[in-house]
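> This is the structure I have questions about; it appears just below.
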Amino acid sequence: MASLKKFFVFCTLLSMLLAALGTWAFVRWMDTPLDNDKGIEFTIKPGSNVRSAARQLVDAGVPIQPYFFEMLARVTGRAASLKAGSFELAPQETPQQLLKKIVEGKFSFSSLSVIEGWSFRQMRNAIDAHASIRHDTTGLSDQDLLKTIGSKYQHPEGLFFPDTYLFAKNSSDIQVYLQAHQAMLNKLDEAWNKRQQNLPYKDPYQALIMASIVEKETGQASERGMIASVFVNRLRAGMLLQTDPTVIYGMGDKFQGNIRKRDLTTDTPYNTYTRAGLPPTPISLPGRDAIKAALNPEPSNAYYFVARGNGTSQFSENLNDHNNAVNKYQR
């Protein structure tokens, strides 16, 4: 009987020792940097409980004890607070730091640059090819995409502001389009409110069309104001704009790198050699400076310009001077 009691005491003490050792190992583990000398990306799927989240960490290569991670989340009261999304385990991060990152939703980010002067097609191709974006707009027409982001416009060209956009990895491409669209509306509205008086635009959208032309016509950033001045002067005088980038845009896939005389005489809605006034939509995504130039052009009497061949332009106030400049710089 005495020996049986000793055995029970021994078992009890052993259990307490093992529990103490387990607790010590757990406490030591949660504040010990994980064996990771480079970033490891992982994703927690929506609707995951703490156990499945721990398994997703292991499957992604995070060197973590899933049982300990689950226990850490439960004893700290955070098991129900895990955020779904994409994260990155930083080098030498501890399990406790990792859990805090997931609970607080400190997602890993990626970026995408939309370039000034791109067409909307180029922007959409770049988004479609981006590996860190969830492609929810695949298969949508341009018009359906605009409806999805709540735009009132029917044509997407020019409606998205060129900039570098940060987003949480695996977030929807809809958010990128929405952010870029709202940025363009804000920039356009701000510039419209600071515009010169008596400009030949009925509304901000026409100013956006002009800005898109200025963006494509400008070789030197410092000349945007003068380029805008030429086109504004032409609109006021009832002259044709006669700008090649609008013709090229109207040609679409038919443009193969060279514009020919017959292209200038072939009528399309965007051919400003055959149709008066502005084209029906923008022809590119204009940046901040092009928008500013369209709404605050340089004061001048210039109606013509020709490229000098060094990236700058020669501006002229009359056709005779323009022809002389063409002879000098183009022939």
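If you're wondering about the labels, chains in the structure tokens are A, B, ... by order shown, residues count from 1 in each chain, ligands from 1 in order shown.
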Can you list every residue in segment 257-321 of chain A that DSSP puts in alpha helix (DSSP H), as a PyMOL selection string?
chain A and resi 261-265+288-295+319-321
> Neighbours of segment 84-89 of chain A within 9 Å (only C-alpha atoms; same-chain residues fewer than 4 positions away dropped), as a PDB file with C-alpha atoms, in the first residue's frame?

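See part12.pdb below for the written result:
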```pdb
ATOM      1  CA  ASN A  36      13.992  32.572 -40.694  1.00  0.00           C
ATOM      2  CA  LYS A  38      14.467  36.003 -45.137  1.00  0.00           C
ATOM      3  CA  GLY A  39      10.880  37.087 -45.601  1.00  0.00           C
ATOM      4  CA  ILE A  40       8.303  34.329 -46.026  1.00  0.00           C
ATOM      5  CA  GLU A  41       4.967  35.266 -47.580  1.00  0.00           C
ATOM      6  CA  PHE A  42       1.786  33.509 -46.516  1.00  0.00           C
ATOM      7  CA  THR A  43      -1.958  33.985 -46.790  1.00  0.00           C
ATOM      8  CA  ILE A  44      -4.709  33.380 -44.244  1.00  0.00           C
ATOM      9  CA  LYS A  45      -7.879  32.452 -46.080  1.00  0.00           C
ATOM     10  CA  PRO A  46     -11.204  34.114 -45.193  1.00  0.00           C
ATOM     11  CA  GLY A  47     -13.201  32.140 -42.630  1.00  0.00           C
ATOM     12  CA  SER A  48     -10.169  30.319 -41.209  1.00  0.00           C
ATOM     13  CA  VAL A  62       6.660  29.366 -41.833  1.00  0.00           C
ATOM     14  CA  GLU A  93      10.285  37.642 -35.943  1.00  0.00           C
ATOM     15  CA  LEU A  98       3.737  37.155 -35.796  1.00  0.00           C
ATOM     16  CA  LYS A 101       0.725  41.127 -36.967  1.00  0.00           C
ATOM     17  CA  ILE A 102      -2.060  38.783 -38.072  1.00  0.00           C
ATOM     18  CA  GLY A 105      -4.088  43.067 -40.011  1.00  0.00           C
ATOM     19  CA  LYS A 106      -0.610  44.341 -40.876  1.00  0.00           C
ATOM     20  CA  PHE A 107      -0.775  42.966 -44.388  1.00  0.00           C
ATOM     21  CA  SER A 108       2.112  42.755 -46.823  1.00  0.00           C
ATOM     22  CA  PHE A 109       1.866  45.308 -49.602  1.00  0.00           C
ATOM     23  CA  ALA A 168      -2.425  44.750 -49.743  1.00  0.00           C
ATOM     24  CA  LYS A 169      -1.328  41.659 -51.630  1.00  0.00           C
ATOM     25  CA  ASN A 170      -4.208  39.573 -52.968  1.00  0.00           C
ATOM     26  CA  SER A 171      -6.607  42.509 -52.705  1.00  0.00           C
TER      27      SER A 171
END
```
> Counting only C-alpha atoms, which residues in segment 261-317 of chain A sit no more than 6 Å from segment 194-215 of chain A? For each one, give the nearest pair of atoms and the distance in Å, sorted by chain then residue number, as a tab-separated table.

```
residue	atom	partner	partner_atom	distance
A:Thr281	CA	A:Ile209	CA	5.9
A:Pro282	CA	A:Ile209	CA	4.1
A:Ile283	CA	A:Ser212	CA	5.7
A:Ser284	CA	A:Ser212	CA	5.1
A:Pro286	CA	A:Ser212	CA	4.8
A:Ala290	CA	A:Ala211	CA	5.1
A:Ile291	CA	A:Ala211	CA	4.9
A:Ala294	CA	A:Ala211	CA	5.1
A:Leu295	CA	A:Arg195	CA	4.9
A:Asn296	CA	A:Gln196	CA	5.5
```
> Which residue out of A:Gln97, A:Ser132, A:Gln92, A:Gln314 has the minimum interatomic distance to Leu34 of chain A when only C-alpha atoms are used?
A:Gln92
> If we count only C-alpha atoms and set the cut-off at 12 Å, which residues sit around Gly277 of chain A, ignoring sequence neighbours fewer than 6 positions away in its own chain? Please answer as a list in words.
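Skipping anything fewer than 6 positions along the chain leaves Pro200, Tyr201, Lys202, Gln206, Ile209, Met210, Phe231, Val232, Asn233, Arg234, Leu235, Arg236, Ala237, Gly238, Met239, Leu240, Leu241, Gln242, Thr243, Thr246, Pro269, Tyr270 and Asn271 of chain A.
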> Show which residues sit within 9 Å of Ser119 of chain A, as a ChimeraX atom specification. Count only C-alpha atoms, and ignore same-chain residues fewer than 4 positions away.
/A:123-124,157-158,283-285
> List the neighbours of segment 74-76 of chain A out to 10 Å using only C-alpha atoms; skip same-chain residues closer than 6 positions along the sequence, and give me the result as a count of residues only.
4
> Can you tell me, as a ChimeraX atom specification, what residues are no more than 7 Å from Phe315 of chain A when counting only C-alpha atoms, ignoring any on the same chain fewer than 4 positions away?
/A:302,304-306
> When distances are computed from only C-alpha atoms, which of A:Gln56, A:Asn193, A:Thr218, A:Thr312 shows the smallest separation from Gly117 of chain A?
A:Thr218
> Pull the strand (DSSP E or B) assignments for segment 5-252 of chain A out of DSSP run on the backbone, and list those residues as a list of chain:residue names.
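Everything in segment 5-252 of chain A that counts as strand (DSSP E or B) is A:Ile40, A:Glu41, A:Phe42, A:Thr43, A:Ile44, A:Gly85, A:Ser86, A:Phe87, A:Glu88, A:Leu89, A:Phe109, A:Ser110, A:Ser111, A:Leu112, A:Ser113, A:Ile133, A:Arg134, A:Thr164, A:Tyr165, A:Leu166, A:Phe167, A:Ala168, A:Ser171, A:Ser172.
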> Kindly give the distance, in Å, that separates atom CA of Leu188 of chain A and atom CA of Glu223 of chain A, rounded to a single decimal.
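Computing the Euclidean distance for atom CA of Leu188 of chain A and atom CA of Glu223 of chain A yields 20.1 Å.
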> Using Å and a single decimal, report how far atom CA of Val103 of chain A sits from atom CA of Arg51 of chain A.
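So the answer is 14.4 Å.
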> Need the shell around Thr164 of chain A: protein/DNA/RNA residues with any atom at most 9 Å away, counting only C-alpha atoms. Skip same-chain ones fewer than 2 positions apart. Format as a ChimeraX atom specification?
/A:111-115,162,166
> Find, counting only C-alpha atoms, the residue in A:Tyr177, A:Tyr303, A:Trp118, A:Phe167 that gets nearest to Leu146 of chain A.
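Answer, going by the shortest atom-to-atom distance: A:Tyr177.
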> From the set A:Gly250, A:Pro299, A:Gly150, A:Gly77, which residue has the shortest atom-to-atom contact distance to Ile174 of chain A, counting only C-alpha atoms?
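Among the listed residues, A:Gly150 lies closest to Ile174 of chain A.
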> Please measure the separation of atom CA of Ser141 of chain A and atom CA of Asp173 of chain A, giving the value in Å to one decimal.
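Separating atom CA of Ser141 of chain A from atom CA of Asp173 of chain A is a distance of 14.2 Å.
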